[in-house]
>>> print(open('model_8.txt').read())   # compact mmCIF, C-alpha atoms
# COMPACT_ATOMS: atom_id res chain seq x y z
CA MET A 1 158.68 133.44 37.95
CA ARG A 2 160.44 131.39 36.53
CA GLN A 3 159.24 130.29 33.17
CA ARG A 4 160.19 132.07 29.99
CA LEU A 5 156.61 132.46 28.84
CA ALA A 6 155.68 135.92 27.58
CA ALA A 7 152.94 137.43 29.69
CA VAL A 8 152.07 134.18 31.40
CA CYS A 9 154.80 133.88 33.97
CA THR A 10 153.48 132.37 37.16
CA ILE A 11 154.84 133.04 40.62
CA MET A 12 153.72 130.65 43.35
CA LEU A 13 154.85 130.69 46.89
CA LEU A 14 153.08 129.61 50.01
CA GLY A 15 153.21 131.36 53.37
CA CYS A 16 154.92 129.75 56.29
CA GLY A 17 151.68 129.80 58.29
CA ALA A 18 150.21 127.27 55.87
CA ARG A 19 153.16 124.90 55.75
CA THR A 20 151.90 122.23 58.06
CA ALA A 21 152.64 118.54 57.74
CA LEU A 22 149.09 117.27 57.41
CA PHE A 23 150.23 113.87 56.16
CA GLY A 24 153.27 111.97 57.36
CA GLU A 25 156.21 113.40 59.24
CA THR A 26 158.44 116.30 58.45
CA GLU A 27 162.18 116.19 58.94
CA ASP A 28 163.64 116.65 62.39
CA ILE A 29 164.78 120.19 61.69
CA THR A 30 161.21 121.50 61.68
CA GLU A 31 161.17 121.18 65.45
CA ASP A 32 163.51 124.17 65.57
CA ALA A 33 161.35 126.36 63.34
CA GLY A 34 159.97 128.41 66.23
CA SER A 35 163.34 129.89 67.11
CA VAL A 36 163.69 131.08 63.53
CA ILE A 37 160.21 132.29 62.69
CA ASP A 38 159.49 134.22 65.85
CA ALA A 39 162.35 136.68 65.40
CA ALA A 40 160.99 140.03 64.25
CA THR A 41 164.07 141.82 62.92
CA ILE A 42 167.64 141.30 61.86
CA ASP A 43 170.20 141.66 64.63
CA SER A 44 171.63 145.20 64.48
CA SER A 45 175.08 143.73 64.94
CA SER A 46 174.86 142.29 61.42
CA PRO A 47 177.57 143.70 59.15
CA LEU A 48 174.77 144.93 56.90
CA GLY A 49 172.57 146.22 59.68
CA GLY A 50 173.13 148.80 62.40
CA ASP A 51 172.88 152.53 61.82
CA ASP A 52 172.67 152.19 58.05
CA ALA A 53 169.53 150.06 58.13
CA SER A 54 166.17 151.60 57.19
CA THR A 55 162.75 150.38 58.22
CA THR A 56 159.38 150.58 56.53
CA SER A 57 156.39 149.41 58.55
CA ASP A 58 157.31 145.96 59.93
CA ALA A 59 160.06 145.24 57.41
CA THR A 60 163.68 145.67 58.44
CA VAL A 61 166.00 146.48 55.55
CA THR A 62 169.74 146.20 55.17
CA ASP A 63 172.32 147.23 52.58
CA ALA A 64 171.41 150.03 50.23
CA GLY A 65 173.50 148.47 47.46
CA THR A 66 172.75 145.82 44.91
CA ILE A 67 171.15 142.64 46.20
CA PHE A 68 173.28 140.50 43.92
CA ASP A 69 176.89 140.38 42.83
CA ALA A 70 177.92 143.32 40.67
CA THR A 71 179.13 140.77 38.13
CA PRO A 72 176.55 138.00 38.26
CA ILE A 73 177.36 134.62 36.81
CA ILE A 74 174.97 134.02 33.95
CA ASP A 75 173.62 130.60 33.10
CA ALA A 76 175.38 128.87 30.26
CA ALA A 77 173.50 128.65 26.97
CA PRO A 78 170.26 126.76 27.55
CA MET A 79 170.53 123.03 27.00
CA ILE A 80 167.91 121.91 24.51
CA ASP A 81 167.32 118.24 25.26
CA ALA A 82 163.99 118.09 23.44
CA ALA A 83 162.08 120.09 20.87
CA PRO A 84 159.28 122.19 22.35
CA VAL A 85 156.28 120.04 23.26
CA LEU A 86 152.84 121.63 23.20
CA CYS A 87 150.24 120.56 25.70
CA ALA A 88 147.86 118.21 23.92
CA ALA A 89 145.27 117.79 26.69
CA GLN A 90 141.72 117.85 25.31
CA GLY A 91 140.14 117.51 28.72
CA VAL A 92 141.26 116.87 32.28
CA THR A 93 144.30 114.63 31.74
CA VAL A 94 146.63 112.69 34.04
CA LEU A 95 150.20 113.49 32.94
CA THR A 96 151.80 111.15 35.43
CA ASP A 97 150.85 109.04 38.43
CA ILE A 98 153.12 109.17 41.45
CA SER A 99 152.82 105.55 42.43
CA ASN A 100 154.52 105.81 45.81
CA ASN A 101 151.77 108.17 47.02
CA ALA A 102 154.34 110.85 47.79
CA GLU A 103 153.09 114.27 48.87
CA VAL A 104 153.39 116.40 45.72
CA ASP A 105 153.20 120.20 45.81
CA GLN A 106 155.04 122.73 43.62
CA VAL A 107 154.60 122.60 39.83
CA THR A 108 156.05 124.83 37.09
CA VAL A 109 156.64 124.56 33.33
CA ASP A 110 158.94 125.50 30.47
CA ASP A 111 158.55 124.94 26.71
CA SER A 112 158.61 121.14 26.87
CA TRP A 113 158.46 119.91 30.44
CA VAL A 114 156.40 120.04 33.58
CA TYR A 115 158.57 120.16 36.73
CA TYR A 116 157.19 119.19 40.09
CA HIS A 117 158.29 118.46 43.64
CA ASP A 118 157.30 115.74 46.07
CA ASN A 119 158.81 114.57 49.33
CA ASN A 120 161.38 112.53 47.40
CA GLY A 121 162.79 115.36 45.32
CA VAL A 122 162.36 117.38 42.10
CA TRP A 123 160.98 115.61 39.02
CA ARG A 124 159.91 116.37 35.47
CA VAL A 125 157.48 114.87 32.97
CA SER A 126 156.86 115.72 29.31
CA LYS A 127 153.85 117.88 28.53
CA SER A 128 152.62 114.94 26.49
CA GLY A 129 152.62 112.83 29.68
CA GLY A 130 154.47 109.67 30.67
CA MET A 131 156.78 108.48 33.41
CA GLY A 132 158.25 111.12 35.69
CA THR A 133 162.05 111.43 35.86
CA LEU A 134 163.75 112.19 39.19
CA LEU A 135 166.19 115.08 38.63
CA ALA A 136 167.31 115.78 42.18
CA PRO A 137 166.61 113.67 45.27
CA GLY A 138 166.00 115.44 48.54
CA LYS A 139 163.19 116.07 50.99
CA ALA A 140 161.78 119.49 51.77
CA PRO A 141 161.62 120.50 55.44
CA SER A 142 157.83 120.81 55.36
CA TRP A 143 154.78 120.15 53.22
CA PRO A 144 153.25 121.70 51.23
CA ASP A 145 156.23 123.55 49.84
CA LEU A 146 155.27 125.67 46.83
CA GLY A 147 158.78 127.17 46.86
CA ALA A 148 160.75 123.92 46.89
CA PHE A 149 162.88 124.77 43.84
CA ALA A 150 163.56 127.54 41.31
CA LEU A 151 163.76 127.04 37.55
CA SER A 152 166.06 129.08 35.30
CA ASP A 153 167.04 128.77 31.62
CA ASN A 154 168.98 125.56 32.01
CA GLY A 155 169.14 124.75 35.71
CA ILE A 156 167.15 123.91 38.81
CA THR A 157 168.18 125.38 42.16
CA TRP A 158 166.94 124.19 45.53
CA TRP A 159 167.89 124.54 49.19
CA GLN A 160 168.40 121.68 51.59
CA ILE A 161 168.85 121.98 55.34
CA LEU A 162 171.61 119.67 56.57
CA ASN A 163 170.34 117.15 59.09
CA GLY A 164 171.66 117.78 62.57
CA GLN A 165 173.40 120.98 61.53
CA MET A 166 172.40 124.62 61.51
CA LYS A 167 173.40 124.90 57.86
CA THR A 168 171.72 124.98 54.46
CA ASP A 169 173.12 123.79 51.14
CA VAL A 170 172.04 125.68 48.03
CA LYS A 171 172.18 123.08 45.26
CA ARG A 172 171.88 123.07 41.50
CA VAL A 173 171.26 120.45 38.81
CA PRO A 174 170.85 120.79 35.01
CA LYS A 175 167.24 120.82 33.83
CA SER A 176 167.90 117.60 31.96
CA GLY A 177 169.31 115.93 35.09
CA GLY A 178 172.88 114.94 35.89
CA ALA A 179 175.45 115.81 38.52
CA THR A 180 174.40 117.98 41.44
CA THR A 181 176.52 121.00 42.35
CA ILE A 182 176.58 122.65 45.79
CA VAL A 183 176.42 126.36 44.94
CA THR A 184 177.16 127.40 48.51
CA THR A 185 176.62 126.32 52.12
CA LEU A 186 174.99 128.88 54.41
CA PRO A 187 175.37 128.93 58.22
CA ASP A 188 171.65 129.03 59.08
CA TYR A 189 168.34 127.31 58.42
CA PHE A 190 166.68 128.49 55.20
CA PHE A 191 163.32 126.84 54.68
CA TYR A 192 162.04 128.53 51.54
CA GLY A 193 163.28 129.97 48.28
CA ALA A 194 162.47 131.61 44.95
CA GLY A 195 164.23 132.30 41.69
CA GLY A 196 166.43 135.37 41.33
CA PRO A 197 168.25 137.07 38.44
CA ALA A 198 170.82 135.34 36.24
CA GLY A 199 170.24 131.88 37.69
CA GLY A 200 170.52 133.10 41.28
CA SER A 201 167.96 132.67 44.02
CA PHE A 202 166.43 134.24 47.09
CA ILE A 203 166.19 132.13 50.23
CA TRP A 204 164.57 132.97 53.52
CA ASN A 205 163.32 131.79 56.85
CA GLY A 206 160.97 133.62 59.17
CA LYS A 207 163.40 136.40 60.03
CA VAL A 208 165.82 137.06 57.18
CA LEU A 209 165.96 137.22 53.38
CA ASP A 210 169.23 136.51 51.55
CA SER A 211 170.21 136.50 47.89
CA VAL A 212 172.56 133.87 46.48
CA SER A 213 174.06 134.43 43.04
CA ALA A 214 174.53 131.58 40.58
CA GLY A 215 178.21 131.71 41.57
CA GLY A 216 177.44 131.24 45.26
CA VAL A 217 177.88 134.80 46.57
CA GLN A 218 175.50 135.41 49.48
CA LYS A 219 174.13 138.82 50.46
CA GLN A 220 171.69 139.70 53.19
CA VAL A 221 168.79 141.74 51.82
CA GLY A 222 166.54 142.30 54.83
CA GLY A 223 163.96 140.69 57.04
CA ALA A 224 160.59 140.89 58.69
CA ALA A 225 158.55 138.91 61.16
CA PHE A 226 156.86 135.95 59.47
CA LEU A 227 158.24 136.64 56.00
CA SER A 228 155.98 134.37 53.97
CA ALA A 229 156.63 134.80 50.23
CA VAL A 230 159.16 136.30 47.82
CA SER A 231 158.83 136.92 44.07
CA TYR A 232 161.33 138.31 41.58
CA VAL A 233 159.44 139.51 38.50
CA ASP A 234 160.62 141.68 35.58
CA GLY A 235 163.71 142.68 37.54
CA GLU A 236 161.68 143.73 40.60
CA LEU A 237 161.65 142.14 44.06
CA TYR A 238 158.42 141.76 46.06
CA THR A 239 157.81 140.19 49.46
CA LEU A 240 154.88 139.32 51.69
CA ALA A 241 155.07 139.53 55.47
CA GLN A 242 151.91 138.88 57.46
CA THR A 243 149.38 141.49 56.26
CA SER A 244 151.76 143.55 54.09
CA LEU A 245 152.99 143.53 50.49
CA TYR A 246 156.40 145.15 49.96
CA HIS A 247 158.48 146.24 46.97
CA TRP A 248 162.26 146.62 47.11
CA ASP A 249 163.20 149.94 45.50
CA GLY A 250 166.94 149.27 45.59
CA MET A 251 167.41 150.79 49.03
CA THR A 252 164.40 149.92 51.18
CA PHE A 253 161.28 147.80 51.22
CA GLN A 254 158.36 150.08 50.44
CA THR A 255 154.83 149.12 51.52
CA LEU A 256 152.57 148.66 48.49
CA ALA A 257 149.43 147.30 50.14
CA MET A 258 148.04 145.95 53.39
CA ALA A 259 145.29 143.42 54.07
CA ASN A 260 142.53 144.39 56.47
CA ASN A 261 142.44 140.96 58.09
CA GLY A 262 144.00 137.55 57.72
CA TYR A 263 147.44 136.90 56.21
CA LEU A 264 148.80 137.31 52.69
CA GLU A 265 150.48 134.10 51.54
CA LEU A 266 150.60 133.87 47.72
CA MET A 267 151.21 136.30 44.87
CA ALA A 268 151.03 136.12 41.08
CA PHE A 269 151.64 138.81 38.47
CA ASP A 270 150.54 140.06 35.08
CA ALA A 271 151.92 143.12 33.29
CA THR A 272 150.15 145.68 35.49
CA THR A 273 148.62 143.93 38.49
CA ILE A 274 149.58 141.81 41.48
CA PHE A 275 147.10 139.14 42.58
CA LEU A 276 147.27 138.09 46.22
CA ALA A 277 145.75 135.13 48.03
CA GLY A 278 145.60 134.59 51.74
CA SER A 279 143.62 133.43 54.72
CA ASP A 280 140.73 135.60 55.88
CA GLY A 281 141.27 134.96 59.60
CA ASN A 282 137.95 133.09 59.87
CA GLY A 283 138.74 129.69 58.38
CA GLY A 284 138.44 130.70 54.73
CA PHE A 285 140.56 132.42 52.10
CA GLY A 286 140.29 135.11 49.46
CA VAL A 287 141.96 136.51 46.35
CA SER A 288 142.60 140.25 45.90
CA SER A 289 144.27 142.46 43.32
CA VAL A 290 146.34 145.64 43.52
CA PRO A 291 148.20 147.67 40.87
CA ARG A 292 151.95 147.03 40.75
CA SER A 293 152.37 150.65 41.82
CA GLY A 294 150.48 149.87 45.04
CA GLY A 295 147.23 150.99 46.60
CA ALA A 296 144.13 149.52 48.21
CA LEU A 297 143.40 145.83 47.75
CA THR A 298 140.34 144.93 45.67
CA SER A 299 138.67 141.66 46.67
CA ILE A 300 137.79 139.49 43.67
CA PHE A 301 137.03 136.12 45.27
CA ALA A 302 136.33 134.69 48.71
CA VAL A 303 135.31 131.28 50.00
CA PRO A 304 134.50 130.40 53.64
CA LEU A 305 135.62 127.28 55.48
CA ALA A 306 138.25 126.35 52.94
CA TYR A 307 142.02 126.30 52.55
CA MET A 308 143.85 127.49 49.46
CA GLY A 309 146.40 125.77 47.29
CA GLY A 310 148.29 127.41 44.44
CA LEU A 311 147.62 130.64 42.56
CA ALA A 312 148.39 131.42 38.89
CA VAL A 313 147.64 134.16 36.37
CA ASP A 314 147.70 134.38 32.58
CA ALA A 315 146.72 137.14 30.14
CA ASP A 316 142.99 136.77 30.80
CA HIS A 317 142.31 134.76 33.96
CA VAL A 318 143.19 134.01 37.56
CA TYR A 319 143.43 130.38 38.71
CA VAL A 320 143.27 129.29 42.33
CA ALA A 321 143.09 125.93 44.08
CA ASN A 322 140.62 125.34 46.88
CA ARG A 323 142.87 122.76 48.52
CA ILE A 324 140.99 121.68 51.66
CA PRO A 325 137.36 122.73 51.23
CA GLY A 326 134.65 122.40 53.83
CA ASN A 327 130.96 121.58 53.63
CA ASN A 328 131.73 118.12 52.19
CA MET A 329 132.81 119.64 48.87
CA PRO A 330 135.82 118.17 47.04
CA SER A 331 139.09 119.95 46.47
CA SER A 332 138.77 121.98 43.27
CA LEU A 333 140.67 124.17 40.81
CA MET A 334 138.85 127.33 39.74
CA ARG A 335 139.26 129.90 36.99
CA MET A 336 137.85 133.42 37.03
CA ASP A 337 138.15 136.67 35.14
CA LYS A 338 140.53 139.16 36.68
CA ASP A 339 137.64 140.99 38.33
CA GLY A 340 136.36 137.72 39.82
CA ALA A 341 133.53 137.27 37.30
CA ASN A 342 132.66 134.07 35.40
CA LEU A 343 133.87 131.64 38.03
CA THR A 344 134.42 128.18 36.48
CA THR A 345 135.54 124.89 38.02
CA ILE A 346 138.28 123.31 35.88
CA GLY A 347 138.87 120.15 37.88
CA GLN A 348 137.99 118.43 41.15
CA ALA A 349 139.79 115.89 43.32
CA PRO A 350 137.32 114.03 45.55
CA SER A 351 139.99 111.79 47.08
CA SER A 352 142.97 114.16 46.98
CA GLN A 353 144.07 117.74 47.54
CA ILE A 354 144.84 120.08 44.64
CA VAL A 355 148.00 121.95 45.63
CA GLY A 356 150.29 123.59 43.04
CA VAL A 357 149.07 125.44 39.91
CA ALA A 358 150.91 126.64 36.77
CA VAL A 359 149.92 127.78 33.27
CA ASP A 360 151.38 128.10 29.79
CA ASP A 361 149.85 129.37 26.54
CA LEU A 362 147.58 126.36 26.05
CA CYS A 363 147.03 124.52 29.31
CA ILE A 364 146.77 124.71 33.05
CA TYR A 365 148.71 122.23 35.18
CA TRP A 366 148.23 121.20 38.78
CA THR A 367 149.33 118.67 41.38
CA GLU A 368 147.03 116.41 43.37
CA THR A 369 148.34 114.83 46.53
CA THR A 370 146.58 111.84 48.02
CA ASN A 371 144.77 112.14 51.33
CA THR A 372 143.48 108.59 51.54
CA GLY A 373 146.59 106.48 51.02
CA LYS A 374 144.65 104.54 48.36
CA THR A 375 144.69 106.82 45.32
CA PRO A 376 148.02 107.94 43.79
CA SER A 377 149.24 111.48 43.82
CA ARG A 378 149.23 112.92 40.30
CA VAL A 379 150.30 115.71 37.98
CA MET A 380 147.35 116.91 35.90
CA ALA A 381 146.70 119.08 32.85
CA ALA A 382 143.65 120.55 31.13
CA PRO A 383 143.11 123.00 28.26
CA LYS A 384 142.58 126.58 29.34
>>> encode(input="model_8.txt", output="structure tokens")
Amino acid sequence: MRQRLAAVCTIMLLGCGARTALFGETEDITEDAGSVIDAATIDSSSPLGGDDASTTSDATVTDAGTIFDATPIIDAAPMIDAAPVLCAAQGVTVLTDISNNAEVDQVTVDDSWVYYHDNNGVWRVSKSGGMGTLLAPGKAPSWPDLGAFALSDNGITWWQILNGQMKTDVKRVPKSGGATTIVTTLPDYFFYGAGGPAGGSFIWNGKVLDSVSAGGVQKQVGGAAFLSAVSYVDGELYTLAQTSLYHWDGMTFQTLAMANNGYLELMAFDATTIFLAGSDGNGGFGVSSVPRSGGALTSIFAVPLAYMGGLAVDADHVYVANRIPGNNMPSSLMRMDKDGANLTTIGQAPSSQIVGVAVDDLCIYWTETTNTGKTPSRVMAAPK
């Protein structure tokens, strides 16, 4: 998603069914989430809906044209504010402590920095570790939020619901920090987002998916009941909605795969395969794989009485966080081969929850959020 790392790009998004505020309070706007999430389709009176809309399974699709501006605004030349920094972790390493015990969730990386989100905003820390730098203040509407911001070549985009208003600001800040720009203001609640082409983004709530170009042009793409995750990978758009994985073919959302039970909530990609994680409907979760061309899901990992965190993939392995495990076992980060073999525990968090996961060529990174109020939340790294 989002990092310019050949063959190790990681896409991490969490389904709306898992976005509960287990610690602390969410913002007031979450009280209105039911009116948004329960809607199953886009209103046919939409200027992009009506007789021209096509449907595939439970996804409602609009606009057979491009999902972005015909002339997208490209990011300016990337700002190099530091030479590339290689991960130097020799073992499980604390990159930064979050001393205010904020709830930390999403994490992603570029050549030099680790970017992360907590309930105070978007931050970054050097891959060599140190003090985190706040790049953009702002609370997410819920926690955990593994789609709190999107990273492009030189900018960070995020979406912020305006308190007391049925509006959402799409905002942008340089990767090195600085002045915040409002890309556009949208007349609806948009809880979640993901990176799009040319510095743009996709934003969605439970009923509708929109694209927003880097220049602020909004287009409605489509919608489905309980739309839970969106990924834009190698110029292709994929979505998850309840038990279904969809691919946008430029005109409609085509069904690629369906889960037999539970809900699909996370997806990560390598060159040929999509890896999916989701609840099993019985208090546990599992990880499956399917070719990018679609087909039957192949189960590669399952754990009962547990709750998942992030999901990541590199050239050789799949990484998944067991965020809230049962049976008195600590939260843990696991690595496995792409067929599920050779399961290895990379790190554990006895007093915290492991949430977000990201990888680069050398290391794996994750966030730990406190669940005791006594230990700090942290951003961690370990060699792969």
>>> closest_atom_pairs(input="model_8.txt", of="stretch 101-167 of chain A", to="stretch 193-199 of chain A", cutoff="7 Å", atoms="only C-alpha atoms", output="CSV")
residue,atom,partner,partner_atom,distance
A:Gly147,CA,A:Gly193,CA,5.5
A:Ala148,CA,A:Gly193,CA,6.7
A:Phe149,CA,A:Gly193,CA,6.8
A:Ala150,CA,A:Gly195,CA,4.8
A:Leu151,CA,A:Gly195,CA,6.7
A:Ser152,CA,A:Gly199,CA,5.6
>>> residues_around(input="model_8.txt", residues="A:Pro376", least_positions_apart="5", cutoff="9 Å", atoms="all atoms listed in the file", output="JSON, numbers by chain")
{"A": [97, 98, 99, 100, 101, 102, 352, 368, 369, 370]}
>>> closest_residue(input="model_8.txt", among="A:Pro330, A:Pro141, A:Pro383, A:Pro174", to="A:Ile346", atoms="only C-alpha atoms")
A:Pro383
>>> closest_residue(input="model_8.txt", among="A:Asn260, A:Thr168, A:Ser332, A:Thr180", to="A:Gly155", atoms="only C-alpha atoms")
A:Thr180
>>> closest_residue(input="model_8.txt", among="A:Val290, A:Ile324, A:Ile67, A:Ala136", to="A:Pro350", atoms="all atoms listed in the file")
A:Ile324
>>> closest_residue(input="model_8.txt", among="A:Gln90, A:Thr184, A:Gln353, A:Ser211", to="A:Leu333", atoms="only C-alpha atoms")
A:Gln353
>>> residues_around(input="model_8.txt", residues="A:Val183", least_positions_apart="6", cutoff="12 Å", atoms="only C-alpha atoms", output="JSON, numbers by chain")
{"A": [73, 155, 156, 157, 158, 159, 160, 168, 169, 170, 171, 172, 173, 199, 200, 201, 212, 213, 214, 215, 216, 217, 218]}
>>> atom_distance(input="model_8.txt", atom1="atom CA of A:Ala302", atom2="atom CA of A:Gln254")
26.9 Å
>>> atom_distance(input="model_8.txt", atom1="atom CA of A:Tyr246", atom2="atom CA of A:Met166")
28.5 Å
>>> closest_residue(input="model_8.txt", among="A:Gly262, A:Gly178, A:Pro325, A:Gly310", to="A:Val357", atoms="all atoms listed in the file")
A:Gly310
>>> residues_around(input="model_8.txt", residues="A:Lys167", least_positions_apart="5", cutoff="8 Å", atoms="only C-alpha atoms", output="number ranges by chain")
A: 161-162, 185-189
>>> closest_residue(input="model_8.txt", among="A:Ala306, A:Ile182, A:Ala140, A:Ala89", to="A:Gln106", atoms="all atoms listed in the file")
A:Ala140
>>> residues_around(input="model_8.txt", residues="stretch 269-277 of chain A", least_positions_apart="6", cutoff="9 Å", atoms="all atoms listed in the file", output="VMD selection string")
chain A and resid 1 7 to 11 233 245 263 285 to 294 297 308 310 to 315 318 320 338
